[in-house]
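Each remark here refers to the structure printed beneath this line.
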Amino acid sequence: MLLDLRSDTVTRPTPEMLYAMMTAPLGDDVFGDDPTVKALEALAASRFSMEAGLFCASGTMTNQIALTVHVAAGDEVICDALSHIYLYEGGGLMANARASVRLLTGDRGRISAEQIEDAINNPADIHLPTTRLVSLENTMNKGGGCYYRLPEIAAIREVCERHGLILHLDGARVFNALVETGESPTEYGRHFDSISVCLSKGLGAPVGSVLLGTKPFIEKARRVRKRMGGGWRQAGLLAAAGIHALENHVERLKEDHRRARAIEAVLRPLPEVIDILPVETNIVIFQLAEGMKATEYVQQLKEKGILAAPFGKDKVRLVTHLDFTDQHLSMLNERMGQ
Ligand SMILES: *Cc1c(COP(=O)(O)O)cnc(C)c1O
């Protein structure tokens, strides 16, 4: 039996989730009459005390729609150089939002209010692209799942307000951060102009992300989604899984975090592992000893029945999730331990 830790997207719907999907009332969401989609959008928005939500096929789509709505061609977006919106969205920041980008080097992908303020262009200087938007990622995937604290976010918000900048959150794994900090999602709703949340990561839904923001923002986002070919019909089938995930799979994320720390303890004594990024949530990124290649090591793990993701030349990523239980953890221990 393979232990699949390539990502927290590999989960299958639980029987309860499948039941919710099969029994969900459906409509045609392009006509705006799928009641389950509407219920999911309202539920997700209410969790963050935001006005409205838009259910989309992926987190890339919610991020890209947000950027496209917020930013005019040639405007500049500030984000960390490790950001998903920059590295992993197929160049969409340029192709969809047609934005210029200012990449910062933060602390494992987390950028500070001070760094942001220093990177804002003088709006009176016509040589420079107009700084329009700041995007934060929480938790930070490439930073090993580390997260921001609310006071840092509040300080960033303050800078954005002073300079008239929009603040977007790529919150693909925002609930992983929230269950660790105990902070309230409604505080996030106050600070961010838009939030993207993945339902298909740790929350265990098969497909989907929601974009949250004000009503006028979501109206524009709905048009952009349609333009991108993302209008969908009986999407309530998938939205039902998202509702089930939000109602049942948030608190349990702590278990994924506990198991990630247990994996860290298994890795620590291995001679081939020379460094592990601090494990704060469900992501474990480790560095291999000199001369070892990530792709080769991932192949060796596969032969032991463990699927991992190469993460750059000499780094490997493991992600815990809903389908990785304590029993699987002891199997991993046996397979890696020797
Ligand atoms: C997974 C992920 C996304 C969205 O990915 P999709 O596969 O398009 O759903 C966005 N941001 C981060 C940080 C992610 O990890």
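Please note that chains go A, B, ... in the order of the structure tokens, that every chain numbers its residues from 1, and that ligands are numbered from 1 in the order shown.
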Worksheet entry | Contacts to ligand 1 at 10 Å cut-off (only C-alpha atoms and all ligand atoms) as a ChimeraX atom specification | /A:7-9,56-64,82-89,136-143,145,169-174,196-201,207-209
Neighbours of Ala52 in chain A within 6 Å (only C-alpha atoms; same-chain residues fewer than 2 positions away dropped), as a CSV table (one decimal) with N, CA, C and O atoms, in the first residue's frame?
```csv
chain,number,residue,atom,x,y,z
A,45,ALA,N,-18.3,32.9,3.0
A,45,ALA,CA,-18.3,34.3,3.3
A,45,ALA,C,-18.6,34.6,4.8
A,45,ALA,O,-17.9,35.4,5.4
A,50,MET,N,-17.3,38.2,5.5
A,50,MET,CA,-17.1,38.9,4.2
A,50,MET,C,-18.5,38.9,3.5
A,50,MET,O,-19.4,38.1,3.8
A,212,LEU,N,-13.5,35.2,-1.8
A,212,LEU,CA,-14.4,36.0,-0.9
A,212,LEU,C,-14.0,37.5,-1.1
A,212,LEU,O,-12.9,37.8,-1.3
A,213,GLY,N,-15.0,38.3,-0.9
A,213,GLY,CA,-14.8,39.8,-1.0
A,213,GLY,C,-16.1,40.5,-0.8
A,213,GLY,O,-17.1,40.0,-0.4
A,214,THR,N,-16.1,41.8,-1.3
A,214,THR,CA,-17.3,42.6,-1.2
A,214,THR,C,-18.3,42.2,-2.3
A,214,THR,O,-17.8,41.5,-3.3
A,215,LYS,N,-19.5,42.6,-2.2
A,215,LYS,CA,-20.5,42.2,-3.3
A,215,LYS,C,-20.1,42.7,-4.6
A,215,LYS,O,-20.1,42.0,-5.6
```
Residue contacts of range 177-184 of chain A (12 Å, only C-alpha atoms) excluding same-chain residues fewer than 2 positions away, as a CSV table (one decimal) with N, CA and C atoms, in the first residue's frame:
```csv
chain,number,residue,atom,x,y,z
A,46,SER,N,-19.5,33.9,5.3
A,46,SER,CA,-19.9,34.2,6.7
A,46,SER,C,-18.8,33.8,7.7
A,47,ARG,N,-18.1,32.8,7.4
A,47,ARG,CA,-17.0,32.4,8.3
A,47,ARG,C,-16.0,33.5,8.4
A,48,PHE,N,-15.8,34.3,7.4
A,48,PHE,CA,-14.8,35.3,7.4
A,48,PHE,C,-15.4,36.7,7.6
A,49,SER,N,-16.8,36.7,7.8
A,49,SER,CA,-17.5,38.0,7.8
A,49,SER,C,-17.3,38.8,6.6
A,137,GLU,N,0.5,35.0,1.3
A,137,GLU,CA,0.2,33.6,1.2
A,137,GLU,C,0.2,33.0,2.6
A,138,ASN,N,-0.9,32.4,3.1
A,138,ASN,CA,-1.0,31.9,4.4
A,138,ASN,C,-1.8,30.6,4.5
A,139,THR,N,-1.3,29.5,4.8
A,139,THR,CA,0.1,29.3,5.2
A,139,THR,C,1.0,29.3,3.9
A,140,MET,N,2.3,29.4,4.2
A,140,MET,CA,3.2,29.6,3.1
A,140,MET,C,3.8,28.3,2.6
A,141,ASN,N,3.3,27.8,1.4
A,141,ASN,CA,3.7,26.5,0.9
A,141,ASN,C,5.2,26.3,0.9
A,145,GLY,N,5.0,25.6,5.1
A,145,GLY,CA,3.7,25.7,5.9
A,145,GLY,C,3.8,26.6,7.0
A,146,CYS,N,4.7,27.6,7.1
A,146,CYS,CA,4.7,28.6,8.2
A,146,CYS,C,3.6,29.6,8.0
A,147,TYR,N,3.3,30.3,9.0
A,147,TYR,CA,2.1,31.1,9.0
A,147,TYR,C,2.4,32.5,9.6
A,148,TYR,N,1.5,33.5,9.2
A,148,TYR,CA,1.6,34.8,9.7
A,148,TYR,C,0.8,34.9,11.0
A,149,ARG,N,1.1,35.8,11.9
A,149,ARG,CA,0.3,36.2,13.1
A,149,ARG,C,-0.5,37.4,12.7
A,150,LEU,N,-1.7,37.5,13.4
A,150,LEU,CA,-2.6,38.6,13.1
A,150,LEU,C,-1.9,40.0,13.2
A,151,PRO,N,-1.1,40.2,14.3
A,151,PRO,CA,-0.5,41.6,14.4
A,151,PRO,C,0.3,42.0,13.2
A,153,ILE,N,-0.2,40.9,10.1
A,153,ILE,CA,-1.2,41.2,9.1
A,153,ILE,C,-1.8,42.5,9.3
A,171,GLY,N,-5.2,32.2,0.6
A,171,GLY,CA,-5.4,31.4,1.8
A,171,GLY,C,-5.7,30.0,1.4
A,172,ALA,N,-5.0,29.4,0.5
A,172,ALA,CA,-5.2,28.0,0.1
A,172,ALA,C,-5.3,27.2,1.3
A,173,ARG,N,-4.4,27.4,2.3
A,173,ARG,CA,-4.4,26.6,3.5
A,173,ARG,C,-4.6,27.6,4.7
A,174,VAL,N,-5.5,28.5,4.6
A,174,VAL,CA,-5.6,29.5,5.7
A,174,VAL,C,-6.2,28.8,7.0
A,175,PHE,N,-7.0,27.8,6.8
A,175,PHE,CA,-7.5,27.1,8.0
A,175,PHE,C,-6.4,26.4,8.8
A,186,THR,N,-12.9,35.9,11.1
A,186,THR,CA,-13.5,37.2,10.9
A,186,THR,C,-12.5,38.4,11.0
A,187,GLU,N,-11.4,38.2,11.8
A,187,GLU,CA,-10.4,39.2,11.8
A,187,GLU,C,-9.7,39.3,10.4
A,188,TYR,N,-9.5,38.1,9.8
A,188,TYR,CA,-9.0,38.1,8.4
A,188,TYR,C,-9.9,38.9,7.5
A,189,GLY,N,-11.2,38.6,7.6
A,189,GLY,CA,-12.2,39.3,6.8
A,189,GLY,C,-12.1,40.8,6.9
A,190,ARG,N,-11.7,41.3,8.1
A,190,ARG,CA,-11.6,42.8,8.2
A,190,ARG,C,-10.3,43.3,7.5
A,191,HIS,N,-9.3,42.5,7.5
A,191,HIS,CA,-8.0,43.0,7.0
A,191,HIS,C,-7.8,42.9,5.4
A,197,VAL,N,-9.7,30.6,-0.7
A,197,VAL,CA,-9.6,29.5,0.2
A,197,VAL,C,-9.8,28.2,-0.6
A,202,GLY,N,-6.3,20.6,2.6
A,202,GLY,CA,-6.5,19.9,3.8
A,202,GLY,C,-7.9,19.6,4.2
A,249,HIS,N,-14.3,19.4,8.6
A,249,HIS,CA,-12.9,19.0,8.5
A,249,HIS,C,-11.9,20.1,8.9
A,250,VAL,N,-12.4,21.1,9.6
A,250,VAL,CA,-11.5,22.2,9.9
A,250,VAL,C,-10.7,21.9,11.2
A,251,GLU,N,-11.4,21.6,12.3
A,251,GLU,CA,-10.7,21.3,13.6
A,251,GLU,C,-9.7,20.2,13.5
A,252,ARG,N,-10.1,19.2,12.7
A,252,ARG,CA,-9.2,18.0,12.6
A,252,ARG,C,-7.9,18.3,11.9
A,253,LEU,N,-7.7,19.5,11.3
A,253,LEU,CA,-6.4,19.8,10.7
A,253,LEU,C,-5.3,19.7,11.7
A,254,LYS,N,-5.7,19.9,13.0
A,254,LYS,CA,-4.6,19.8,14.0
A,254,LYS,C,-4.0,18.4,14.0
A,255,GLU,N,-4.8,17.4,13.7
A,255,GLU,CA,-4.2,16.1,13.6
A,255,GLU,C,-3.2,16.0,12.5
A,256,ASP,N,-3.4,16.6,11.4
A,256,ASP,CA,-2.5,16.6,10.3
A,256,ASP,C,-1.2,17.2,10.8
A,257,HIS,N,-1.3,18.3,11.6
A,257,HIS,CA,-0.1,19.0,12.1
A,257,HIS,C,0.7,18.1,13.0
A,258,ARG,N,0.0,17.5,13.9
A,258,ARG,CA,0.6,16.5,14.9
A,258,ARG,C,1.4,15.5,14.1
A,279,VAL,N,8.6,22.7,11.2
A,279,VAL,CA,7.3,22.2,10.9
A,279,VAL,C,6.2,22.9,11.7
A,280,GLU,N,5.4,23.8,11.1
A,280,GLU,CA,4.4,24.5,11.9
A,280,GLU,C,3.0,24.1,11.6
A,281,THR,N,2.8,23.4,10.4
A,281,THR,CA,1.4,23.0,10.1
A,281,THR,C,1.5,21.6,9.5
A,282,ASN,N,1.0,21.4,8.3
A,282,ASN,CA,1.0,20.0,7.7
A,282,ASN,C,2.0,19.7,6.6
A,283,ILE,N,3.0,20.7,6.5
A,283,ILE,CA,4.0,20.5,5.4
A,283,ILE,C,5.4,20.3,6.0
```
Please provide as a compact mmCIF listing (two decimals) with N, CA, C and O atoms, in the first residue's frame all residues within 10 Å of range 27-35 of chain A, with the sequence filter that same-chain residues fewer than 5 positions apart are discarded (counting only C-alpha atoms).
```txt
# COMPACT_ATOMS: atom_id res chain seq x y z
N LEU A 40 -22.93 27.28 -0.19
CA LEU A 40 -21.49 27.22 0.08
C LEU A 40 -20.88 28.63 0.06
O LEU A 40 -20.10 28.99 0.95
N GLU A 41 -21.24 29.42 -0.95
CA GLU A 41 -20.67 30.77 -1.05
C GLU A 41 -21.04 31.61 0.18
O GLU A 41 -20.21 32.33 0.73
N PHE A 55 -17.68 30.41 -5.93
CA PHE A 55 -17.14 29.05 -5.97
C PHE A 55 -16.47 28.82 -7.32
O PHE A 55 -17.09 29.07 -8.36
N ARG A 222 -17.39 37.24 -10.92
CA ARG A 222 -18.26 36.27 -11.59
C ARG A 222 -18.18 36.43 -13.11
O ARG A 222 -18.16 35.46 -13.86
N LYS A 226 -16.59 33.65 -15.80
CA LYS A 226 -17.31 33.22 -17.02
C LYS A 226 -16.41 33.37 -18.24
O LYS A 226 -16.32 32.48 -19.09
N GLY A 230 -15.06 29.43 -16.73
CA GLY A 230 -15.29 28.78 -15.43
C GLY A 230 -16.72 28.81 -14.94
O GLY A 230 -16.97 28.44 -13.79
N GLY A 231 -17.66 29.24 -15.80
CA GLY A 231 -19.07 29.15 -15.40
C GLY A 231 -19.44 27.67 -15.42
O GLY A 231 -19.10 26.97 -16.37
N TRP A 232 -20.11 27.21 -14.37
CA TRP A 232 -20.44 25.77 -14.34
C TRP A 232 -21.88 25.55 -13.96
O TRP A 232 -22.53 26.42 -13.41
N ARG A 233 -22.34 24.39 -14.25
CA ARG A 233 -23.78 24.14 -14.20
C ARG A 233 -24.22 23.53 -12.87
O ARG A 233 -24.39 24.23 -11.91
N GLN A 234 -24.37 22.18 -12.79
CA GLN A 234 -24.83 21.60 -11.53
C GLN A 234 -23.64 21.47 -10.55
O GLN A 234 -23.37 20.41 -9.98
N ALA A 235 -22.99 22.60 -10.34
CA ALA A 235 -21.79 22.61 -9.51
C ALA A 235 -22.10 22.35 -8.04
O ALA A 235 -21.19 22.14 -7.23
N GLY A 236 -23.39 22.35 -7.71
CA GLY A 236 -23.79 22.05 -6.33
C GLY A 236 -23.32 20.69 -5.87
O GLY A 236 -23.09 20.46 -4.68
N LEU A 237 -23.15 19.79 -6.82
CA LEU A 237 -22.62 18.47 -6.51
C LEU A 237 -21.26 18.60 -5.80
O LEU A 237 -20.97 17.90 -4.84
N ALA A 239 -20.12 21.66 -4.61
CA ALA A 239 -20.27 22.61 -3.50
C ALA A 239 -20.71 21.87 -2.24
O ALA A 239 -20.31 22.24 -1.12
N ALA A 240 -21.51 20.81 -2.40
CA ALA A 240 -21.96 20.03 -1.23
C ALA A 240 -20.76 19.45 -0.49
O ALA A 240 -20.73 19.41 0.74
```
Discussion item. Among range 216-295 of chain A, which residues does DSSP mark as helix (DSSP H, G or I) when it is run on the backbone? Keep the chain and numbering as in the structure and answer as JSON, numbers by chain.
Written reply: {"A": [216, 217, 218, 219, 220, 221, 222, 223, 224, 225, 226, 227, 236, 237, 238, 239, 240, 241, 242, 243, 244, 245, 246, 247, 248, 253, 254, 255, 256, 257, 258, 259, 260, 261, 262, 263, 264, 265, 266, 267, 294, 295]}
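For Leu128 in chain A, the residues within 12 Å (counting only C-alpha atoms, excluding itself and residues fewer than 6 positions away along the chain) are Gly74, Asp75, Glu76, Ser100, Val101, Arg102, Ala119, Ile120, Asn121 and Asn122 of chain A.
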Go ahead and write the residues just picked, N, CA and C atoms, as a CSV table (one decimal), in the first residue's frame.
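Writing done, so here's part.csv:
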```
chain,number,residue,atom,x,y,z
A,74,GLY,N,-0.3,46.7,-16.4
A,74,GLY,CA,0.9,47.5,-16.1
A,74,GLY,C,1.0,47.9,-14.6
A,75,ASP,N,0.0,47.7,-13.8
A,75,ASP,CA,0.1,47.9,-12.4
A,75,ASP,C,1.0,46.9,-11.8
A,76,GLU,N,1.6,47.2,-10.6
A,76,GLU,CA,2.5,46.3,-10.0
A,76,GLU,C,1.9,45.6,-8.7
A,100,SER,N,2.8,43.9,-13.6
A,100,SER,CA,4.2,43.9,-13.2
A,100,SER,C,4.3,43.3,-11.8
A,101,VAL,N,5.4,42.7,-11.5
A,101,VAL,CA,5.5,42.1,-10.1
A,101,VAL,C,6.8,42.6,-9.4
A,102,ARG,N,6.7,42.9,-8.2
A,102,ARG,CA,7.8,43.2,-7.3
A,102,ARG,C,8.0,42.1,-6.3
A,119,ALA,N,9.0,48.9,-0.8
A,119,ALA,CA,8.9,48.5,-2.2
A,119,ALA,C,7.8,49.2,-3.0
A,120,ILE,N,7.1,50.1,-2.3
A,120,ILE,CA,6.0,50.8,-3.0
A,120,ILE,C,6.6,51.9,-3.8
A,121,ASN,N,6.2,52.0,-5.1
A,121,ASN,CA,6.7,53.0,-6.0
A,121,ASN,C,6.1,54.4,-5.8
A,122,ASN,N,6.9,55.4,-6.0
A,122,ASN,CA,6.3,56.7,-5.9
A,122,ASN,C,5.3,56.9,-7.0
```
Worksheet entry | Long-range neighbours of Leu301 in chain A as a PyMOL selection string, 12 Å cut-off, only C-alpha atoms, 6 positions minimum in chain | chain A and resi 2-6+294-295+307-310+316-318+332+335-337
Discussion item. Just want the 7 Å neighbourhood of Pro13 in chain A, counted on only C-alpha atoms, with same-chain residues fewer than 6 positions away dropped. Output as a PyMOL selection string.
Written reply: chain A and resi 204-206
Keeping all heavy atoms for every residue in the selection just given, could you write it to a file as an mmCIF file, in the first residue's frame?
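selection01.cif written:
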```cif
data_model
loop_
_atom_site.group_PDB
_atom_site.id
_atom_site.type_symbol
_atom_site.label_atom_id
_atom_site.label_comp_id
_atom_site.auth_asym_id
_atom_site.auth_seq_id
_atom_site.Cartn_x
_atom_site.Cartn_y
_atom_site.Cartn_z
ATOM 1 N N GLY A 204 -10.205 18.474 2.318
ATOM 2 C CA GLY A 204 -10.597 17.157 1.824
ATOM 3 C C GLY A 204 -11.697 17.103 0.779
ATOM 4 O O GLY A 204 -12.177 16.018 0.450
ATOM 5 N N ALA A 205 -12.108 18.237 0.228
ATOM 6 C CA ALA A 205 -13.093 18.188 -0.862
ATOM 7 C C ALA A 205 -12.388 17.748 -2.151
ATOM 8 O O ALA A 205 -11.186 17.966 -2.304
ATOM 9 C CB ALA A 205 -13.750 19.553 -1.044
ATOM 10 N N PRO A 206 -13.108 17.129 -3.070
ATOM 11 C CA PRO A 206 -12.450 16.641 -4.288
ATOM 12 C C PRO A 206 -12.017 17.761 -5.241
ATOM 13 O O PRO A 206 -11.022 17.618 -5.949
ATOM 14 C CB PRO A 206 -13.502 15.751 -4.952
ATOM 15 C CG PRO A 206 -14.807 16.185 -4.394
ATOM 16 C CD PRO A 206 -14.531 16.717 -3.015
#
```
Fill in: One-decimal distance in Å that lies between CA of Met1 in chain A and CA of Lys293 in chain A
24.9 Å
Discussion item. Just to confirm, what's the straight-line distance from CA of His163 in chain A to CA of Val77 in chain A in Å (one decimal)?
Written reply: 13.4 Å
Discussion item. My list of candidates is A:Phe286, A:Val210, A:Asp314, A:Leu165. Which is closest to Ile243 in chain A when distances are computed with only C-alpha atoms?
Written reply: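 Comparing A:Phe286, A:Val210, A:Asp314, A:Leu165 against Ile243 in chain A, the winner is A:Val210.
The gap separating CA of Ser135 in chain A from CA of Val159 in chain A is 12.9 Å, in Å to one decimal.
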Worksheet item: For Arg261 in chain A, which residue out of A:Gly144, A:Lys315, A:His168, A:Arg12 is the nearest one, using only C-alpha atoms?
Response: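 Once distances to Arg261 in chain A are computed over only C-alpha atoms, the minimum belongs to A:Gly144.
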Item to complete: Please report, as a ChimeraX atom specification, each residue of range 207-307 of chain A to which DSSP assigns strand (DSSP E) when run on this structure's backbone.
Response: /A:209-213,273-276,283-288,306-307
Worksheet item: So which one's closest to Leu329 in chain A, A:Glu272, A:Glu117, A:Arg227, A:Ala262? Using only C-alpha atoms, please.
Response: A:Ala262
Worksheet entry | Option closest in space to Asp80 in chain A, from A:Ile65, A:Leu93, A:Leu104, A:Val298 [counting only C-alpha atoms] |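 Result for the nearest residue to Asp80 in chain A: A:Leu104.
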